[in-house]
>>> print(open('start-v8.tsv').read())   # TSV, N, CA, C and O atoms
chain	number	residue	atom	x	y	z
W	1	MET	N	78.24	103.45	81.26
W	1	MET	CA	78.94	103.28	82.50
W	1	MET	C	80.11	104.24	82.54
W	1	MET	O	80.67	104.59	81.53
W	2	ILE	N	80.49	104.62	83.75
W	2	ILE	CA	81.56	105.59	83.92
W	2	ILE	C	82.58	105.06	84.90
W	2	ILE	O	82.25	104.45	85.90
W	3	VAL	N	83.84	105.27	84.60
W	3	VAL	CA	84.93	104.90	85.50
W	3	VAL	C	85.66	106.19	85.88
W	3	VAL	O	85.80	107.09	85.07
W	4	PHE	N	86.06	106.30	87.13
W	4	PHE	CA	86.82	107.45	87.59
W	4	PHE	C	88.29	107.04	87.63
W	4	PHE	O	88.64	106.06	88.27
W	5	ILE	N	89.11	107.80	86.97
W	5	ILE	CA	90.53	107.50	86.92
W	5	ILE	C	91.28	108.60	87.66
W	5	ILE	O	91.04	109.79	87.44
W	6	GLY	N	92.17	108.22	88.55
W	6	GLY	CA	93.04	109.16	89.24
W	6	GLY	C	94.48	108.75	89.00
W	6	GLY	O	94.84	107.60	89.21
W	7	ILE	N	95.29	109.68	88.54
W	7	ILE	CA	96.68	109.36	88.23
W	7	ILE	C	97.56	110.40	88.92
W	7	ILE	O	97.31	111.60	88.82
W	8	ALA	N	98.56	109.92	89.60
W	8	ALA	CA	99.51	110.82	90.27
W	8	ALA	C	100.89	110.19	90.19
W	8	ALA	O	101.02	108.97	90.16
W	9	GLY	N	101.89	111.00	90.18
W	9	GLY	CA	103.24	110.46	90.20
W	9	GLY	C	104.24	111.43	89.64
W	9	GLY	O	103.89	112.33	88.87
W	10	SER	N	105.47	111.25	90.01
W	10	SER	CA	106.51	112.17	89.55
W	10	SER	C	106.75	112.05	88.05
W	10	SER	O	107.19	113.00	87.42
W	11	ALA	N	106.45	110.89	87.47
W	11	ALA	CA	106.64	110.73	86.02
W	11	ALA	C	105.73	111.68	85.24
W	11	ALA	O	106.08	112.17	84.19
W	12	PHE	N	104.53	111.93	85.79
W	12	PHE	CA	103.59	112.82	85.11
W	12	PHE	C	103.70	114.25	85.64
W	12	PHE	O	103.30	115.18	84.98
W	13	ASN	N	104.23	114.41	86.85
W	13	ASN	CA	104.40	115.71	87.49
W	13	ASN	C	103.09	116.47	87.62
W	13	ASN	O	103.06	117.69	87.54
W	14	ARG	N	101.98	115.73	87.79
W	14	ARG	CA	100.67	116.36	87.99
W	14	ARG	C	99.66	115.32	88.43
W	14	ARG	O	99.87	114.12	88.26
W	15	ASN	N	98.56	115.78	89.00
W	15	ASN	CA	97.45	114.91	89.41
W	15	ASN	C	96.29	115.15	88.46
W	15	ASN	O	95.98	116.29	88.14
W	16	VAL	N	95.64	114.05	88.04
W	16	VAL	CA	94.51	114.16	87.11
W	16	VAL	C	93.39	113.25	87.60
W	16	VAL	O	93.64	112.10	87.95
W	17	GLU	N	92.17	113.77	87.62
W	17	GLU	CA	90.99	112.96	87.89
W	17	GLU	C	90.00	113.23	86.77
W	17	GLU	O	89.79	114.39	86.39
W	18	LYS	N	89.41	112.16	86.24
W	18	LYS	CA	88.49	112.34	85.12
W	18	LYS	C	87.48	111.20	85.10
W	18	LYS	O	87.83	110.05	85.34
W	19	GLU	N	86.23	111.54	84.80
W	19	GLU	CA	85.21	110.52	84.56
W	19	GLU	C	85.42	110.01	83.14
W	19	GLU	O	85.59	110.80	82.21
W	20	MET	N	85.41	108.69	82.99
W	20	MET	CA	85.62	108.13	81.66
W	20	MET	C	84.59	107.04	81.40
W	20	MET	O	84.30	106.23	82.26
W	21	GLY	N	84.04	107.03	80.22
W	21	GLY	CA	83.15	105.98	79.76
W	21	GLY	C	83.84	105.21	78.65
W	21	GLY	O	84.97	105.51	78.26
W	22	TYR	N	83.14	104.23	78.12
W	22	TYR	CA	83.70	103.40	77.05
W	22	TYR	C	84.19	104.27	75.89
W	22	TYR	O	83.47	105.13	75.38
W	23	GLY	N	85.45	104.07	75.50
W	23	GLY	CA	86.02	104.78	74.37
W	23	GLY	C	86.59	106.15	74.69
W	23	GLY	O	87.24	106.76	73.85
W	24	ASP	N	86.38	106.66	75.92
W	24	ASP	CA	86.91	107.96	76.28
W	24	ASP	C	88.43	107.90	76.40
W	24	ASP	O	89.01	106.86	76.71
W	25	LYS	N	89.06	109.06	76.18
W	25	LYS	CA	90.52	109.15	76.22
W	25	LYS	C	90.93	110.29	77.15
W	25	LYS	O	90.21	111.26	77.29
W	26	VAL	N	92.11	110.13	77.75
W	26	VAL	CA	92.71	111.22	78.53
W	26	VAL	C	94.19	111.29	78.14
W	26	VAL	O	94.86	110.26	78.01
W	27	GLN	N	94.66	112.52	77.90
W	27	GLN	CA	96.04	112.74	77.49
W	27	GLN	C	96.85	113.20	78.69
W	27	GLN	O	96.44	114.11	79.41
W	28	LEU	N	98.01	112.58	78.93
W	28	LEU	CA	98.94	112.95	80.01
W	28	LEU	C	100.32	113.07	79.41
W	28	LEU	O	101.03	112.06	79.25
W	29	GLY	N	100.70	114.25	79.03
W	29	GLY	CA	101.99	114.43	78.36
W	29	GLY	C	101.98	113.67	77.06
W	29	GLY	O	101.07	113.82	76.25
W	30	ASN	N	102.97	112.79	76.85
W	30	ASN	CA	102.98	112.00	75.62
W	30	ASN	C	102.34	110.63	75.81
W	30	ASN	O	102.50	109.74	75.00
W	31	TYR	N	101.59	110.45	76.93
W	31	TYR	CA	100.83	109.23	77.19
W	31	TYR	C	99.34	109.50	76.95
W	31	TYR	O	98.85	110.60	77.21
W	32	GLU	N	98.65	108.48	76.49
W	32	GLU	CA	97.20	108.56	76.31
W	32	GLU	C	96.58	107.30	76.88
W	32	GLU	O	97.05	106.19	76.62
W	33	LEU	N	95.55	107.45	77.72
W	33	LEU	CA	94.80	106.32	78.26
W	33	LEU	C	93.46	106.25	77.55
W	33	LEU	O	92.78	107.26	77.40
W	34	VAL	N	93.07	105.03	77.13
W	34	VAL	CA	91.80	104.82	76.45
W	34	VAL	C	91.03	103.76	77.21
W	34	VAL	O	91.54	102.66	77.46
W	35	CYS	N	89.79	104.09	77.60
W	35	CYS	CA	88.94	103.14	78.32
W	35	CYS	C	88.30	102.19	77.32
W	35	CYS	O	87.54	102.60	76.45
W	36	ARG	N	88.62	100.90	77.41
W	36	ARG	CA	88.09	99.90	76.48
W	36	ARG	C	86.93	99.11	77.04
W	36	ARG	O	86.14	98.53	76.30
W	37	SER	N	86.81	99.06	78.37
W	37	SER	CA	85.74	98.27	78.98
W	37	SER	C	85.56	98.71	80.41
W	37	SER	O	86.52	99.16	81.06
W	38	TYR	N	84.34	98.57	80.92
W	38	TYR	CA	84.05	98.87	82.32
W	38	TYR	C	83.02	97.86	82.79
W	38	TYR	O	82.02	97.64	82.11
W	39	THR	N	83.27	97.23	83.94
W	39	THR	CA	82.39	96.17	84.42
W	39	THR	C	82.13	96.31	85.91
W	39	THR	O	83.03	96.70	86.66
W	40	GLN	N	80.93	95.98	86.34
W	40	GLN	CA	80.57	95.89	87.75
W	40	GLN	C	80.21	94.44	88.03
W	40	GLN	O	79.51	93.81	87.24
W	41	GLU	N	80.70	93.92	89.17
W	41	GLU	CA	80.41	92.54	89.54
W	41	GLU	C	80.04	92.46	91.02
W	41	GLU	O	80.53	93.25	91.82
W	42	ASP	N	79.18	91.52	91.35
W	42	ASP	CA	78.85	91.23	92.73
W	42	ASP	C	79.32	89.82	93.06
W	42	ASP	O	78.92	88.86	92.40
W	43	LYS	N	80.17	89.71	94.06
W	43	LYS	CA	80.68	88.43	94.54
W	43	LYS	C	80.07	88.18	95.92
W	43	LYS	O	79.48	89.07	96.50
W	44	PRO	N	80.24	86.97	96.49
W	44	PRO	CA	79.65	86.69	97.80
W	44	PRO	C	80.11	87.64	98.91
W	44	PRO	O	79.31	88.00	99.77
W	45	ASN	N	81.38	88.07	98.91
W	45	ASN	CA	81.90	88.91	99.98
W	45	ASN	C	82.13	90.36	99.59
W	45	ASN	O	82.43	91.19	100.43
W	46	TYR	N	82.05	90.67	98.31
W	46	TYR	CA	82.32	92.04	97.88
W	46	TYR	C	81.71	92.32	96.51
W	46	TYR	O	81.42	91.42	95.74
W	47	GLY	N	81.55	93.59	96.24
W	47	GLY	CA	81.20	94.06	94.91
W	47	GLY	C	82.43	94.74	94.33
W	47	GLY	O	83.30	95.21	95.07
W	48	SER	N	82.54	94.78	93.02
W	48	SER	CA	83.71	95.42	92.42
W	48	SER	C	83.34	96.15	91.14
W	48	SER	O	82.34	95.85	90.50
W	49	GLU	N	84.16	97.13	90.82
W	49	GLU	CA	84.09	97.84	89.55
W	49	GLU	C	85.50	97.78	88.98
W	49	GLU	O	86.47	98.05	89.68
W	50	TRP	N	85.62	97.39	87.73
W	50	TRP	CA	86.95	97.34	87.10
W	50	TRP	C	86.85	97.72	85.64
W	50	TRP	O	85.78	97.67	85.04
W	51	ALA	N	87.99	98.12	85.12
W	51	ALA	CA	88.04	98.59	83.74
W	51	ALA	C	89.24	97.98	83.03
W	51	ALA	O	90.14	97.43	83.65
W	52	ILE	N	89.21	98.08	81.73
W	52	ILE	CA	90.37	97.75	80.91
W	52	ILE	C	90.80	99.06	80.24
W	52	ILE	O	90.01	99.69	79.54
W	53	MET	N	92.03	99.47	80.51
W	53	MET	CA	92.56	100.73	80.00
W	53	MET	C	93.81	100.44	79.16
W	53	MET	O	94.74	99.79	79.64
W	54	GLU	N	93.81	100.91	77.93
W	54	GLU	CA	95.00	100.77	77.09
W	54	GLU	C	95.85	102.03	77.25
W	54	GLU	O	95.33	103.14	77.33
W	55	VAL	N	97.17	101.83	77.32
W	55	VAL	CA	98.11	102.94	77.49
W	55	VAL	C	98.93	103.08	76.21
W	55	VAL	O	99.52	102.11	75.73
W	56	PHE	N	98.94	104.29	75.68
W	56	PHE	CA	99.69	104.60	74.46
W	56	PHE	C	100.74	105.64	74.77
W	56	PHE	O	100.51	106.54	75.58
W	57	GLN	N	101.90	105.50	74.16
W	57	GLN	CA	102.95	106.51	74.26
W	57	GLN	C	103.34	106.90	72.85
W	57	GLN	O	103.74	106.04	72.05
W	58	ASN	N	103.19	108.17	72.56
W	58	ASN	CA	103.48	108.69	71.22
W	58	ASN	C	102.73	107.90	70.15
W	58	ASN	O	103.28	107.58	69.10
W	59	GLY	N	101.49	107.53	70.42
W	59	GLY	CA	100.65	106.84	69.44
W	59	GLY	C	100.81	105.34	69.37
W	59	GLY	O	100.08	104.67	68.65
W	60	LYS	N	101.75	104.76	70.13
W	60	LYS	CA	101.99	103.32	70.10
W	60	LYS	C	101.54	102.70	71.42
W	60	LYS	O	101.91	103.18	72.50
W	61	GLN	N	100.74	101.61	71.35
W	61	GLN	CA	100.28	100.97	72.57
W	61	GLN	C	101.45	100.31	73.28
W	61	GLN	O	102.20	99.52	72.69
W	62	ILE	N	101.61	100.64	74.58
W	62	ILE	CA	102.74	100.09	75.34
W	62	ILE	C	102.29	99.20	76.50
W	62	ILE	O	103.11	98.45	77.04
W	63	ASP	N	101.01	99.27	76.90
W	63	ASP	CA	100.57	98.46	78.04
W	63	ASP	C	99.05	98.46	78.10
W	63	ASP	O	98.39	99.24	77.43
W	64	THR	N	98.53	97.56	78.94
W	64	THR	CA	97.10	97.51	79.26
W	64	THR	C	96.98	97.44	80.77
W	64	THR	O	97.67	96.65	81.41
W	65	LEU	N	96.13	98.29	81.34
W	65	LEU	CA	95.91	98.33	82.79
W	65	LEU	C	94.54	97.77	83.11
W	65	LEU	O	93.61	97.87	82.31
W	66	TYR	N	94.42	97.19	84.31
W	66	TYR	CA	93.16	96.60	84.78
W	66	TYR	C	92.85	97.14	86.18
W	66	TYR	O	92.86	96.39	87.16
W	67	PRO	N	92.57	98.44	86.32
W	67	PRO	CA	92.28	98.99	87.65
W	67	PRO	C	90.98	98.42	88.19
W	67	PRO	O	90.02	98.18	87.45
W	68	GLU	N	90.94	98.21	89.52
W	68	GLU	CA	89.75	97.64	90.16
W	68	GLU	C	89.54	98.31	91.51
W	68	GLU	O	90.48	98.64	92.22
W	69	ARG	N	88.27	98.50	91.85
W	69	ARG	CA	87.89	99.00	93.17
W	69	ARG	C	86.90	98.01	93.76
W	69	ARG	O	85.96	97.59	93.10
W	70	ARG	N	87.17	97.60	95.02
W	70	ARG	CA	86.31	96.61	95.69
W	70	ARG	C	85.59	97.24	96.88
W	70	ARG	O	86.14	98.07	97.58
W	71	PHE	N	84.35	96.80	97.08
W	71	PHE	CA	83.52	97.22	98.20
W	71	PHE	C	83.16	95.98	98.99
W	71	PHE	O	82.35	95.17	98.53
W	72	PHE	N	83.79	95.80	100.15
W	72	PHE	CA	83.57	94.59	100.93
W	72	PHE	C	82.29	94.68	101.74
W	72	PHE	O	82.05	95.66	102.43
W	73	THR	N	81.46	93.64	101.62
W	73	THR	CA	80.16	93.62	102.29
W	73	THR	C	80.14	92.73	103.51
W	73	THR	O	79.30	92.89	104.37
W	74	LYS	N	81.05	91.78	103.59
W	74	LYS	CA	81.13	90.87	104.73
W	74	LYS	C	82.56	90.86	105.24
W	74	LYS	O	83.50	90.91	104.46
W	75	PRO	N	82.72	90.77	106.56
W	75	PRO	CA	84.10	90.69	107.07
W	75	PRO	C	84.75	89.37	106.67
W	75	PRO	O	84.08	88.35	106.51
W	76	ALA	N	86.05	89.43	106.46
W	76	ALA	CA	86.79	88.21	106.11
W	76	ALA	C	86.75	87.23	107.28
W	76	ALA	O	86.76	87.62	108.45
W	77	SER	N	86.66	85.95	106.98
W	77	SER	CA	86.64	84.95	108.04
W	77	SER	C	88.00	84.91	108.72
W	77	SER	O	89.03	85.10	108.09
W	78	ARG	N	87.98	84.64	110.01
W	78	ARG	CA	89.24	84.60	110.77
W	78	ARG	C	89.83	83.21	110.72
W	78	ARG	O	89.11	82.22	110.88
W	79	ARG	N	91.11	83.16	110.50
W	79	ARG	CA	91.81	81.86	110.50
W	79	ARG	C	92.31	81.56	111.90
W	79	ARG	O	92.72	82.45	112.64
W	80	ARG	N	92.32	80.31	112.22
W	80	ARG	CA	92.87	79.91	113.50
W	80	ARG	C	94.39	79.89	113.39
W	80	ARG	O	94.94	79.55	112.34
W	81	PRO	N	95.09	80.26	114.47
W	81	PRO	CA	96.55	80.39	114.40
W	81	PRO	C	97.31	79.07	114.29
W	81	PRO	O	98.51	79.08	114.11
W	82	TRP	N	96.64	77.94	114.38
W	82	TRP	CA	97.39	76.68	114.32
W	82	TRP	C	97.28	76.02	113.01
W	82	TRP	O	96.68	76.05	112.12
>>> encode(input="start-v8.tsv", output="structure tokens")
Amino acid sequence: MIVFIGIAGSAFNRNVEKEMGYGDKVQLGNYELVCRSYTQEDKPNYGSEWAIMEVFQNGKQIDTLYPERRFFTKPASRRRPW
């Protein structure tokens, strides 16, 4: 399985897009992202793809990210205003 990661921001001062599979790594300055898991799910109203990404700074793990992308297949039900 492959996950597409896009990172942008002034902290990195650059834009990066990369296809990543299980165990793949991407280096951004002194940060490193490692893909630990990638999952696809189908729910009643949407399908989703999500990953578990570990973030390392100077070789030390500092965070874990859970990016997700959803594909909605049914419109959300409308609530009544009362």
>>> closest_residue(input="start-v8.tsv", among="W:Cys35, W:Arg70, W:Gln40, W:Leu28", to="W:Ile52", atoms="all atoms listed in the file")
W:Cys35
>>> atom_distance(input="start-v8.tsv", atom1="atom CA of W:Leu65", atom2="atom CA of W:Asn30")
17.0 Å
>>> closest_residue(input="start-v8.tsv", among="W:Glu32, W:Glu19, W:Asp24, W:Asp42", to="W:Val55", atoms="all atoms listed in the file")
W:Glu32
>>> atom_distance(input="start-v8.tsv", atom1="atom CA of W:Phe71", atom2="atom CA of W:Val34")
24.5 Å
>>> residues_around(input="start-v8.tsv", residues="W:Arg69", least_positions_apart="2", cutoff="7 Å", atoms="only C-alpha atoms", output="NGL selection string")
:W and (48-50 or 71)
>>> write_last_selection(input="start-v8.tsv", atoms="N, CA, C and O atoms", output="mmCIF file, in the frame of the given file")
data_model
loop_
_atom_site.group_PDB
_atom_site.id
_atom_site.type_symbol
_atom_site.label_atom_id
_atom_site.label_comp_id
_atom_site.auth_asym_id
_atom_site.auth_seq_id
_atom_site.Cartn_x
_atom_site.Cartn_y
_atom_site.Cartn_z
ATOM 1 N N SER W 48 82.540 94.780 93.020
ATOM 2 C CA SER W 48 83.710 95.420 92.420
ATOM 3 C C SER W 48 83.340 96.150 91.140
ATOM 4 O O SER W 48 82.340 95.850 90.500
ATOM 5 N N GLU W 49 84.160 97.130 90.820
ATOM 6 C CA GLU W 49 84.090 97.840 89.550
ATOM 7 C C GLU W 49 85.500 97.780 88.980
ATOM 8 O O GLU W 49 86.470 98.050 89.680
ATOM 9 N N TRP W 50 85.620 97.390 87.730
ATOM 10 C CA TRP W 50 86.950 97.340 87.100
ATOM 11 C C TRP W 50 86.850 97.720 85.640
ATOM 12 O O TRP W 50 85.780 97.670 85.040
ATOM 13 N N PHE W 71 84.350 96.800 97.080
ATOM 14 C CA PHE W 71 83.520 97.220 98.200
ATOM 15 C C PHE W 71 83.160 95.980 98.990
ATOM 16 O O PHE W 71 82.350 95.170 98.530
#
>>> atom_distance(input="start-v8.tsv", atom1="atom O of W:Met53", atom2="atom N of W:Tyr66")
5.4 Å
>>> closest_residue(input="start-v8.tsv", among="W:Arg36, W:Gln27, W:Phe72, W:Lys43", to="W:Phe56", atoms="all atoms listed in the file")
W:Gln27
>>> closest_residue(input="start-v8.tsv", among="W:Glu17, W:Thr39, W:Gly23, W:Leu33", to="W:Asp63", atoms="only C-alpha atoms")
W:Leu33
>>> axis_aligned_box(input="start-v8.tsv", around="stretch 18-34 of chain W", padding_each_side="8 Å", output="lines of an AutoDock Vina configuration file")
center_x = 93.1
center_y = 108.5
center_z = 80.0
size_x = 35.8
size_y = 27.8
size_z = 28.4
>>> closest_residue(input="start-v8.tsv", among="W:Lys60, W:Ala51, W:Asn45, W:Lys18", to="W:Tyr31", atoms="all atoms listed in the file")
W:Lys60
>>> closest_residue(input="start-v8.tsv", among="W:Met20, W:Lys25, W:Gly59, W:Glu68", to="W:Gly47", atoms="only C-alpha atoms")
W:Glu68
>>> decode(input="start-v8.tsv", residues="stretch 24-57 of chain W", atoms="C-alpha atoms", output="tab-separated table (two decimals), in the first residue's frame")
chain	number	residue	atom	x	y	z
W	24	ASP	CA	9.48	4.25	4.03
W	25	LYS	CA	11.17	7.39	5.34
W	26	VAL	CA	11.38	11.01	4.22
W	27	GLN	CA	13.93	13.50	5.56
W	28	LEU	CA	12.95	17.18	6.04
W	29	GLY	CA	15.85	19.11	7.49
W	30	ASN	CA	16.51	17.60	10.91
W	31	TYR	CA	13.06	15.91	10.91
W	32	GLU	CA	12.37	12.41	9.62
W	33	LEU	CA	8.92	10.90	8.95
W	34	VAL	CA	8.53	7.12	9.00
W	35	CYS	CA	5.39	5.39	7.70
W	36	ARG	CA	4.42	2.70	10.23
W	37	SER	CA	0.98	1.72	8.93
W	38	TYR	CA	-1.46	2.44	6.12
W	39	THR	CA	-5.14	1.45	6.14
W	40	GLN	CA	-8.16	1.78	3.87
W	41	GLU	CA	-11.67	1.57	5.35
W	42	ASP	CA	-15.21	1.69	4.00
W	43	LYS	CA	-17.87	3.20	6.25
W	44	PRO	CA	-21.60	3.63	5.48
W	45	ASN	CA	-21.19	7.28	4.34
W	46	TYR	CA	-17.55	7.46	3.30
W	47	GLY	CA	-14.37	5.60	2.50
W	48	SER	CA	-11.08	6.61	4.07
W	49	GLU	CA	-7.35	6.11	3.82
W	50	TRP	CA	-5.20	6.81	6.86
W	51	ALA	CA	-1.69	6.22	8.05
W	52	ILE	CA	0.39	6.20	11.19
W	53	MET	CA	3.50	8.34	10.79
W	54	GLU	CA	6.23	8.64	13.41
W	55	VAL	CA	8.11	11.97	13.56
W	56	PHE	CA	11.76	12.05	14.60
W	57	GLN	CA	13.93	15.08	15.27
